[in-house]
$ cat model-v5.csv   # CSV, C-alpha atoms
chain,number,residue,atom,x,y,z
A,27,MET,CA,41.5,22.7,-13.9
A,28,TYR,CA,38.6,20.3,-14.6
A,29,ILE,CA,35.5,21.4,-16.6
A,30,LEU,CA,31.9,20.4,-15.7
A,31,VAL,CA,29.2,20.7,-18.3
A,32,ARG,CA,25.8,20.7,-16.6
A,33,ARG,CA,22.9,20.1,-19.0
A,34,GLU,CA,20.8,18.4,-16.3
A,35,ARG,CA,19.4,20.8,-13.8
A,36,GLN,CA,16.3,19.0,-12.5
A,37,SER,CA,18.0,16.3,-10.5
A,38,SER,CA,18.5,17.2,-6.8
A,39,VAL,CA,21.3,14.6,-6.6
A,40,TYR,CA,23.3,15.9,-9.5
A,41,ASN,CA,22.7,19.5,-8.5
A,42,THR,CA,24.2,18.7,-5.1
A,43,ILE,CA,27.1,16.9,-6.7
A,44,ALA,CA,27.7,19.9,-8.9
A,45,ASP,CA,27.7,22.2,-5.9
A,46,VAL,CA,30.3,20.0,-4.2
A,47,LEU,CA,32.6,20.0,-7.2
A,48,LEU,CA,32.2,23.7,-7.9
A,49,SER,CA,33.0,24.6,-4.3
A,50,ARG,CA,36.5,23.4,-5.0
A,51,ASP,CA,39.3,25.3,-6.6
A,52,ASP,CA,40.1,22.7,-9.3
A,53,TRP,CA,36.6,22.6,-11.0
A,54,LYS,CA,34.9,25.2,-13.1
A,55,LEU,CA,31.6,25.3,-15.0
A,56,GLY,CA,31.7,25.1,-18.8
A,57,SER,CA,29.1,26.2,-21.2
A,58,ASP,CA,26.2,23.8,-22.0
A,59,ASP,CA,27.3,23.5,-25.6
A,60,SER,CA,31.0,22.9,-24.9
A,61,THR,CA,32.5,19.8,-26.5
A,62,ARG,CA,35.7,20.0,-24.4
A,63,PHE,CA,34.9,18.9,-20.8
A,64,HIS,CA,35.9,16.4,-18.2
A,65,LEU,CA,32.5,15.6,-16.8
A,66,MET,CA,29.0,16.0,-18.1
A,67,PHE,CA,25.7,15.8,-16.2
A,68,GLY,CA,23.4,15.2,-19.2
A,69,GLU,CA,19.7,14.8,-19.6
A,70,ARG,CA,19.1,11.0,-19.5
A,71,ASN,CA,16.8,10.7,-22.5
A,72,LYS,CA,18.5,13.3,-24.6
A,73,LEU,CA,22.1,12.5,-24.3
A,74,GLN,CA,23.8,12.2,-27.7
A,75,PHE,CA,26.3,9.5,-26.7
A,76,GLY,CA,27.7,9.2,-30.2
A,77,LEU,CA,29.1,12.8,-30.1
A,78,LEU,CA,30.9,12.3,-26.8
A,79,GLY,CA,34.7,12.0,-26.5
A,80,HIS,CA,35.8,13.0,-30.0
A,81,GLU,CA,37.9,16.0,-29.1
A,82,PRO,CA,41.5,15.4,-30.4
A,83,GLY,CA,44.1,15.3,-27.7
A,84,PHE,CA,41.5,15.6,-24.9
A,85,VAL,CA,40.9,13.1,-22.1
A,86,LYS,CA,38.0,10.6,-22.2
A,87,PRO,CA,35.2,12.5,-20.6
A,88,LEU,CA,33.0,11.1,-17.9
A,89,VAL,CA,29.2,11.1,-18.2
A,90,ASN,CA,26.5,10.4,-15.6
A,91,TYR,CA,24.5,7.8,-17.6
A,92,TYR,CA,25.2,4.4,-19.2
A,93,ARG,CA,23.8,4.2,-22.7
A,94,GLY,CA,21.3,1.3,-22.7
A,95,SER,CA,20.7,1.2,-19.0
A,96,GLY,CA,17.1,2.0,-19.7
A,97,VAL,CA,16.6,-1.7,-20.5
A,98,ILE,CA,16.2,-2.4,-16.8
A,99,CYS,CA,14.8,1.1,-15.9
A,100,ARG,CA,11.9,1.2,-18.3
A,101,LYS,CA,9.0,-0.9,-17.2
A,102,VAL,CA,8.3,-2.6,-20.5
A,103,SER,CA,11.8,-3.5,-21.5
A,104,SER,CA,12.7,-4.7,-18.0
A,105,VAL,CA,10.0,-7.3,-18.2
A,106,SER,CA,11.9,-9.1,-21.0
A,107,VAL,CA,15.2,-8.9,-19.2
A,108,PHE,CA,14.0,-10.8,-16.1
A,109,ARG,CA,12.0,-13.6,-17.7
A,110,ASP,CA,12.4,-16.5,-20.0
A,111,GLY,CA,11.7,-15.6,-23.6
A,112,GLU,CA,9.6,-18.7,-24.4
A,113,SER,CA,7.6,-19.4,-21.2
A,114,LEU,CA,7.4,-15.7,-20.2
A,115,GLU,CA,8.0,-16.9,-16.6
A,116,PRO,CA,10.5,-15.0,-14.4
A,117,VAL,CA,14.0,-16.4,-14.4
A,118,TYR,CA,14.8,-15.1,-11.0
A,119,ASP,CA,12.8,-15.8,-7.8
A,120,TRP,CA,12.8,-12.1,-6.9
A,121,ALA,CA,11.2,-11.1,-10.2
A,122,LEU,CA,7.4,-10.9,-10.2
A,123,PRO,CA,5.4,-12.5,-13.1
A,124,SER,CA,4.6,-9.7,-15.6
A,125,TYR,CA,3.0,-9.2,-19.0
A,126,ILE,CA,3.1,-6.5,-21.6
A,127,ILE,CA,-0.3,-5.2,-22.8
A,128,ILE,CA,-0.6,-2.7,-25.6
A,129,PRO,CA,-3.8,-0.7,-26.2
A,130,GLN,CA,-5.8,-2.2,-29.1
A,131,GLN,CA,-5.5,0.9,-31.2
A,132,LEU,CA,-1.8,0.6,-31.1
A,133,ALA,CA,-1.5,-3.2,-31.3
A,134,SER,CA,-1.4,-3.4,-35.1
A,135,PRO,CA,1.3,-4.8,-37.4
A,136,SER,CA,2.3,-1.2,-38.4
A,137,SER,CA,2.6,0.1,-34.9
A,138,ASN,CA,6.0,0.9,-33.6
A,139,LEU,CA,5.2,-1.1,-30.5
A,140,GLN,CA,4.6,-4.2,-32.6
A,141,LYS,CA,7.9,-4.1,-34.5
A,142,GLU,CA,10.6,-6.6,-33.7
A,143,HIS,CA,13.4,-5.5,-31.5
A,144,THR,CA,16.6,-7.2,-30.1
A,145,ASN,CA,16.4,-8.3,-26.5
A,146,ILE,CA,19.9,-7.7,-25.1
A,147,ILE,CA,19.8,-10.9,-23.0
A,148,ARG,CA,18.0,-13.5,-25.0
A,149,GLY,CA,18.1,-12.7,-28.7
A,150,THR,CA,15.4,-11.3,-30.9
A,151,ILE,CA,11.8,-11.3,-29.6
A,152,ARG,CA,8.6,-9.4,-30.4
A,153,ARG,CA,7.4,-6.7,-28.2
A,154,GLN,CA,3.8,-7.7,-28.8
A,155,ASP,CA,0.5,-7.5,-27.0
A,156,GLU,CA,0.5,-10.3,-24.5
A,157,ARG,CA,-3.1,-10.0,-23.4
A,158,GLU,CA,-4.1,-13.4,-24.7
A,159,ILE,CA,-1.2,-15.1,-22.9
A,160,PHE,CA,-2.0,-13.2,-19.7
A,161,LEU,CA,-5.7,-14.2,-19.9
A,162,ARG,CA,-4.9,-17.8,-20.9
A,163,LYS,CA,-2.3,-18.4,-18.2
A,164,ASN,CA,-4.6,-17.0,-15.5
A,165,GLU,CA,-8.0,-18.3,-16.5
A,166,THR,CA,-7.8,-21.1,-13.9
A,167,SER,CA,-6.0,-19.2,-11.2
A,168,GLU,CA,-7.6,-18.2,-7.9
A,169,CYS,CA,-8.2,-14.6,-8.9
A,170,PRO,CA,-4.7,-13.2,-8.1
A,171,VAL,CA,-4.4,-9.5,-7.8
A,172,TRP,CA,-2.5,-7.5,-10.5
A,173,ILE,CA,-1.0,-4.1,-10.6
A,174,THR,CA,-1.1,-2.4,-14.0
A,175,LYS,CA,1.6,0.3,-14.6
A,176,SER,CA,2.1,2.6,-17.5
A,177,SER,CA,5.4,2.2,-19.4
A,178,ALA,CA,6.2,5.9,-19.0
A,179,GLY,CA,4.3,6.6,-15.8
A,180,SER,CA,5.9,8.0,-12.6
A,181,LYS,CA,4.8,9.3,-9.3
A,182,GLY,CA,1.9,6.9,-9.1
A,183,LYS,CA,0.2,8.0,-12.2
A,184,ASP,CA,-1.8,5.6,-14.5
A,185,ILE,CA,-1.9,2.7,-12.1
A,186,LEU,CA,-4.7,0.2,-11.6
A,187,ILE,CA,-4.8,-2.5,-8.9
A,188,SER,CA,-7.4,-5.2,-9.7
A,189,ARG,CA,-8.2,-8.9,-9.6
A,190,HIS,CA,-10.5,-8.6,-12.6
A,191,GLN,CA,-8.8,-9.3,-15.9
A,192,ASP,CA,-11.5,-7.7,-18.0
A,193,GLU,CA,-11.2,-4.5,-16.0
A,194,ILE,CA,-7.4,-4.5,-16.5
A,195,ILE,CA,-7.8,-5.0,-20.3
A,196,SER,CA,-10.4,-2.3,-20.6
A,197,PHE,CA,-8.2,0.1,-18.5
A,198,VAL,CA,-5.2,-0.4,-20.8
A,199,ASP,CA,-7.3,-0.1,-24.0
A,200,GLY,CA,-8.4,3.3,-22.9
A,201,LYS,CA,-4.8,4.6,-22.9
A,202,GLU,CA,-2.2,5.4,-25.5
A,203,GLN,CA,0.9,3.6,-24.4
A,204,ALA,CA,2.0,0.2,-23.4
A,205,PHE,CA,1.4,-1.1,-19.9
A,206,VAL,CA,3.0,-3.7,-17.7
A,207,VAL,CA,0.7,-6.0,-15.7
A,208,GLN,CA,2.6,-7.3,-12.7
A,209,LYS,CA,1.6,-9.8,-10.0
A,210,TYR,CA,0.7,-7.8,-6.9
A,211,ILE,CA,2.1,-8.9,-3.5
A,212,THR,CA,-1.0,-9.3,-1.4
A,213,ASN,CA,0.8,-10.5,1.7
A,214,PRO,CA,3.3,-7.7,2.3
A,215,LEU,CA,5.2,-7.3,5.5
A,216,LEU,CA,3.5,-4.4,7.3
A,217,ILE,CA,4.9,-1.8,9.7
A,218,ASP,CA,3.3,-2.3,13.1
A,219,GLY,CA,1.2,-5.0,11.5
A,220,LYS,CA,-0.9,-2.4,9.8
A,221,ARG,CA,0.7,-0.2,7.1
A,222,LYS,CA,2.4,-1.1,3.8
A,223,PHE,CA,5.9,0.1,2.8
A,224,ASP,CA,8.5,-0.4,0.1
A,225,LEU,CA,12.3,-0.1,0.2
A,226,ARG,CA,14.4,2.4,-1.8
A,227,CYS,CA,18.1,1.5,-2.1
A,228,TRP,CA,20.7,3.6,-3.9
A,229,VAL,CA,23.1,1.8,-6.1
A,230,LEU,CA,26.2,3.3,-7.8
A,231,LEU,CA,27.8,1.8,-11.0
A,232,ASP,CA,31.2,3.3,-11.5
A,233,CYS,CA,33.1,3.6,-14.8
A,234,GLU,CA,35.0,0.4,-14.2
A,235,TYR,CA,31.6,-1.4,-13.7
A,236,ASN,CA,32.1,-1.8,-10.0
A,237,ILE,CA,28.8,-2.0,-8.2
A,238,TYR,CA,28.2,-0.2,-4.9
A,239,LEU,CA,25.2,-0.4,-2.5
A,240,TYR,CA,24.7,2.7,-0.3
A,241,ASN,CA,24.7,1.7,3.3
A,242,GLU,CA,21.6,3.7,4.2
A,243,GLY,CA,18.2,3.2,2.6
A,244,VAL,CA,14.7,4.3,3.2
A,245,LEU,CA,11.3,2.8,3.7
A,246,ARG,CA,8.5,4.8,2.0
A,247,THR,CA,5.5,4.1,4.2
A,248,SER,CA,1.8,4.4,3.7
A,249,SER,CA,-0.3,6.6,6.0
A,250,GLU,CA,-3.3,4.3,5.7
A,251,THR,CA,-4.1,0.8,7.1
A,252,TYR,CA,-3.5,-1.8,4.5
A,253,ASP,CA,-6.8,-3.2,3.2
A,254,PRO,CA,-6.5,-6.1,0.7
A,255,ASP,CA,-10.2,-6.2,0.3
A,256,ASN,CA,-10.4,-2.5,-0.9
A,257,LEU,CA,-8.2,-2.2,-3.9
A,258,SER,CA,-9.6,1.2,-4.8
A,259,ASN,CA,-8.1,2.8,-1.7
A,260,ILE,CA,-4.9,3.8,-3.4
A,261,ALA,CA,-3.3,5.4,-0.3
A,262,SER,CA,-3.6,2.0,1.4
A,263,HIS,CA,-1.6,0.3,-1.4
A,264,LEU,CA,0.8,2.7,-3.0
A,265,THR,CA,3.5,4.4,-0.9
A,266,ASN,CA,4.6,7.0,-3.4
A,267,HIS,CA,5.1,10.3,-1.6
A,268,CYS,CA,3.1,12.3,-4.1
A,269,LEU,CA,0.1,10.1,-3.8
A,270,GLN,CA,0.3,9.9,0.0
A,271,LYS,CA,0.5,13.7,0.3
A,272,ASP,CA,-2.5,14.1,-2.0
A,273,LEU,CA,-4.7,11.3,-0.8
A,274,SER,CA,-4.1,10.7,2.9
A,275,PRO,CA,-4.8,13.3,5.7
A,276,SER,CA,-2.5,11.2,7.9
A,277,PHE,CA,0.6,11.9,5.8
A,278,GLY,CA,3.6,12.4,8.1
A,279,ILE,CA,1.8,11.5,11.3
A,280,PHE,CA,3.5,8.1,11.8
A,281,GLU,CA,6.9,8.9,10.4
A,282,GLU,CA,8.3,12.3,9.4
A,283,GLY,CA,7.7,12.6,5.7
A,284,ASN,CA,6.5,9.0,5.6
A,285,GLU,CA,10.1,7.8,5.7
A,286,LEU,CA,11.7,5.2,8.0
A,287,PHE,CA,15.5,4.7,7.6
A,288,PHE,CA,17.3,1.4,7.6
A,289,ASP,CA,18.7,1.7,11.1
A,290,ALA,CA,15.2,2.2,12.6
A,291,PHE,CA,13.8,-0.6,10.4
A,292,SER,CA,16.6,-3.0,11.5
A,293,LYS,CA,15.7,-2.3,15.1
A,294,TYR,CA,12.0,-2.8,14.4
A,295,LEU,CA,12.7,-6.2,12.7
A,296,ARG,CA,14.9,-7.3,15.6
A,297,ASP,CA,12.5,-6.2,18.3
A,298,GLU,CA,9.2,-7.1,16.7
A,299,HIS,CA,10.0,-10.0,14.4
A,300,SER,CA,13.3,-11.4,15.8
A,301,ILE,CA,14.8,-11.0,12.3
A,302,ASN,CA,18.4,-9.8,11.7
A,303,PHE,CA,18.2,-7.2,8.9
A,304,ASP,CA,21.9,-7.6,7.9
A,305,GLU,CA,21.7,-11.4,7.7
A,306,ILE,CA,18.2,-11.9,6.2
A,307,ILE,CA,17.3,-8.8,4.1
A,308,ILE,CA,20.5,-7.2,3.0
A,309,PRO,CA,21.9,-10.4,1.3
A,310,GLN,CA,18.7,-10.6,-0.8
A,311,ILE,CA,19.0,-7.0,-1.8
A,312,LYS,CA,22.7,-7.5,-2.8
A,313,ASP,CA,21.8,-10.5,-5.0
A,314,ILE,CA,19.0,-8.6,-6.8
A,315,VAL,CA,21.3,-5.6,-7.5
A,316,LYS,CA,24.4,-7.5,-8.5
A,317,THR,CA,22.4,-10.0,-10.7
A,318,SER,CA,20.4,-7.3,-12.5
A,319,LEU,CA,23.4,-5.2,-13.4
A,320,SER,CA,25.7,-8.1,-14.3
A,321,ILE,CA,23.3,-9.5,-16.9
A,322,ILE,CA,23.4,-6.3,-18.9
A,323,LYS,CA,27.2,-5.6,-18.5
A,324,ASP,CA,28.4,-6.7,-21.9
A,325,THR,CA,25.8,-4.5,-23.6
A,326,ILE,CA,26.3,-1.2,-21.7
A,327,LYS,CA,29.9,-1.2,-20.6
A,328,THR,CA,32.0,1.7,-22.0
A,329,ASP,CA,35.5,0.2,-21.9
A,330,ASP,CA,36.2,0.5,-25.6
A,331,LEU,CA,34.3,3.8,-26.2
A,332,PRO,CA,35.7,7.3,-26.4
A,333,TYR,CA,34.0,8.3,-23.1
A,334,ARG,CA,33.3,6.6,-19.7
A,335,SER,CA,30.1,6.3,-17.8
A,336,PHE,CA,28.8,6.0,-14.3
A,337,GLN,CA,25.3,6.0,-13.0
A,338,LEU,CA,23.3,6.2,-9.8
A,339,PHE,CA,20.2,3.9,-9.7
A,340,GLY,CA,17.3,3.7,-7.3
A,341,TYR,CA,16.1,0.2,-6.6
A,342,ASP,CA,12.6,-0.2,-5.3
A,343,MET,CA,11.7,-3.4,-3.5
A,344,ILE,CA,9.1,-5.0,-1.3
A,345,LEU,CA,9.1,-7.6,1.4
A,346,ASP,CA,6.4,-10.2,1.9
A,347,GLN,CA,5.4,-11.7,5.3
A,348,ASN,CA,8.0,-14.4,4.8
A,349,TYR,CA,10.8,-11.7,4.6
A,350,LYS,CA,11.3,-12.5,0.9
A,351,VAL,CA,12.5,-9.5,-1.1
A,352,PHE,CA,11.0,-8.8,-4.5
A,353,LEU,CA,12.1,-6.2,-7.1
A,354,LEU,CA,9.4,-3.7,-8.1
A,355,GLU,CA,11.4,-1.5,-10.4
A,356,VAL,CA,14.7,0.3,-11.1
A,357,ASN,CA,14.9,4.1,-11.4
A,358,GLY,CA,17.7,5.4,-13.6
A,359,ALA,CA,17.5,8.9,-12.3
A,360,PRO,CA,16.5,8.6,-8.6
A,361,ALA,CA,15.6,11.3,-6.2
A,362,CYS,CA,17.0,11.1,-2.7
A,363,SER,CA,15.7,11.7,0.8
A,364,ASP,CA,16.6,15.2,1.9
A,365,LYS,CA,18.2,13.8,5.1
A,366,LEU,CA,20.6,11.6,3.0
A,367,LEU,CA,21.2,13.9,0.0
A,368,SER,CA,24.4,15.7,1.1
A,369,ASP,CA,26.2,12.6,2.2
A,370,LEU,CA,25.1,10.6,-0.8
A,371,ALA,CA,26.4,13.4,-3.1
A,372,HIS,CA,29.7,13.5,-1.4
A,373,ALA,CA,30.0,9.7,-1.5
A,374,VAL,CA,29.4,9.7,-5.3
A,375,VAL,CA,32.1,12.3,-5.7
A,376,GLU,CA,34.6,10.5,-3.6
A,377,VAL,CA,34.1,7.0,-5.2
A,378,VAL,CA,33.6,7.9,-8.8
A,379,ILE,CA,34.7,11.4,-9.7
A,380,ASP,CA,37.7,11.8,-7.4
A,381,SER,CA,38.9,8.4,-8.5
A,382,TYR,CA,38.8,9.4,-12.2
A,383,TYR,CA,39.9,13.0,-11.8
A,384,PRO,CA,42.1,13.1,-8.7
A,385,PRO,CA,41.8,16.4,-6.7
A,386,THR,CA,44.6,18.8,-7.3
A,387,ASN,CA,43.7,21.0,-4.3
A,388,ASN,CA,46.1,20.1,-1.5
A,389,ASN,CA,44.1,22.0,1.0
A,390,LEU,CA,41.0,19.7,0.5
A,391,GLU,CA,39.9,18.3,3.8
A,392,SER,CA,40.2,14.6,4.2
A,393,SER,CA,36.9,12.6,4.5
A,394,ASN,CA,35.7,9.0,4.3
A,395,TYR,CA,32.4,9.3,2.4
A,396,SER,CA,33.5,6.2,0.4
A,397,GLY,CA,32.9,4.2,3.6
A,398,LEU,CA,29.2,4.8,3.0
A,399,TRP,CA,29.2,2.3,0.1
A,400,GLN,CA,29.5,-1.5,0.1
A,401,CYS,CA,31.2,-2.8,-3.0
A,402,LEU,CA,29.4,-5.9,-4.3
$ encode --input "model-v5.csv" --output "structure tokens"
Amino acid sequence: MYILVRRERQSSVYNTIADVLLSRDDWKLGSDDSTRFHLMFGERNKLQFGLLGHEPGFVKPLVNYYRGSGVICRKVSSVSVFRDGESLEPVYDWALPSYIIIPQQLASPSSNLQKEHTNIIRGTIRRQDEREIFLRKNETSECPVWITKSSAGSKGKDILISRHQDEIISFVDGKEQAFVVQKYITNPLLIDGKRKFDLRCWVLLDCEYNIYLYNEGVLRTSSETYDPDNLSNIASHLTNHCLQKDLSPSFGIFEEGNELFFDAFSKYLRDEHSINFDEIIIPQIKDIVKTSLSIIKDTIKTDDLPYRSFQLFGYDMILDQNYKVFLLEVNGAPACSDKLLSDLAHAVVEVVIDSYYPPTNNNLESSNYSGLWQCL
């Protein structure tokens, strides 16, 4: 009998995976404080990794997060991973130019945000306020547009889109946490030539560090016509569901729940743009996913630890009018579209959990959810 400890109860994905496992005869639920378990769904920012897997004579447990994966999931730290430490320019053509700006009241030598830290890719750097570099590098540019995002923000909160550097600096200085200022794509590919969208892809990293891309993804669409001249119309520029629901009376009119799935998008690209989604877009997505996870492998892998990890990631990307894919951010605890949730949960179980803990129930119906993944 396998034991599941379930300390994370807010994630719809892991709640569904738990339901799948506990519906079987060979899994049972253990107490939250149990130290003897086979699988733990922990709270991402509260997991005490150092306490895992020290039960004498017990199997190496499996946990649903990789320690250190936050380096590509947190906005501030991910900036350092994807750019050169000296020039501060992106190393990869899919990474957007970005700068870290810290509110002035926090940007002092004694501030925790100013202390040196070790960059896992390129040695020791300083997490310092880069406003002067940002201003200097862009003083002669043709007023590019920038999107300013809170280091801890989510669901579209604490975001400013502006082409005015002074406005950006003033906005950050009025806050109490670090911000990332990222170049804004002003020529996005638009649905029906009118509305903006971004792509959400689900990526699974198993305990052997195999990388899987889920076959189905979703476009999160805007309800409003894209207007590059009106940067204050947030519903025109940001496709987050929470913002769209709150700000646009047209939410759900064009697509149910403002979601368009890959199959429909592939047909749209073929019919309206003569573009083959599988040949032009998917290879770029695969390159971004594989590269971003490969460069942190030596730091987060759990081969020699008393426990093993796996993790589901949500990759958010955007296309420009030239069909170039850019990475926006990586979510380490992604939600999932309701239409895909059940299949995604079963696919995670089949590829990761059943491989590590083979089912003992001979009456379990055969399935092929593993076929929903592409191994990269």
$ closest_residue --input "model-v5.csv" --among "A:Leu216, A:Ala204, A:Cys169, A:Leu230" --to "Tyr294 (chain A)" --atoms "only C-alpha atoms"
A:Leu216
$ residues_around --input "model-v5.csv" --residues "Gln310 (chain A)" --least-positions-apart "6" --cutoff "10 Å" --atoms "all atoms listed in the file" --output "number ranges by chain"
A: 120, 304, 349-352
$ closest_atom_pairs --input "model-v5.csv" --of "region 214-245 of chain A" --to "region 263-284 of chain A" --cutoff "8 Å" --atoms "only C-alpha atoms" --output "JSON lines"
{"residue": "A:Lys222", "atom": "CA", "partner": "A:His263", "partner_atom": "CA", "distance": 6.7}
{"residue": "A:Phe223", "atom": "CA", "partner": "A:Thr265", "partner_atom": "CA", "distance": 6.2}
{"residue": "A:Asp224", "atom": "CA", "partner": "A:Thr265", "partner_atom": "CA", "distance": 7.0}
$ residues_around --input "model-v5.csv" --residues "Thr386 (chain A)" --least-positions-apart "6" --cutoff "12 Å" --atoms "all atoms listed in the file" --output "list in words"
Met27, Tyr28, Arg50, Asp51, Asp52, Trp53 and Asp380 of chain A
$ atom_distance --input "model-v5.csv" --atom1 "CA of Thr174 (chain A)" --atom2 "CA of Ile187 (chain A)"
6.3 Å
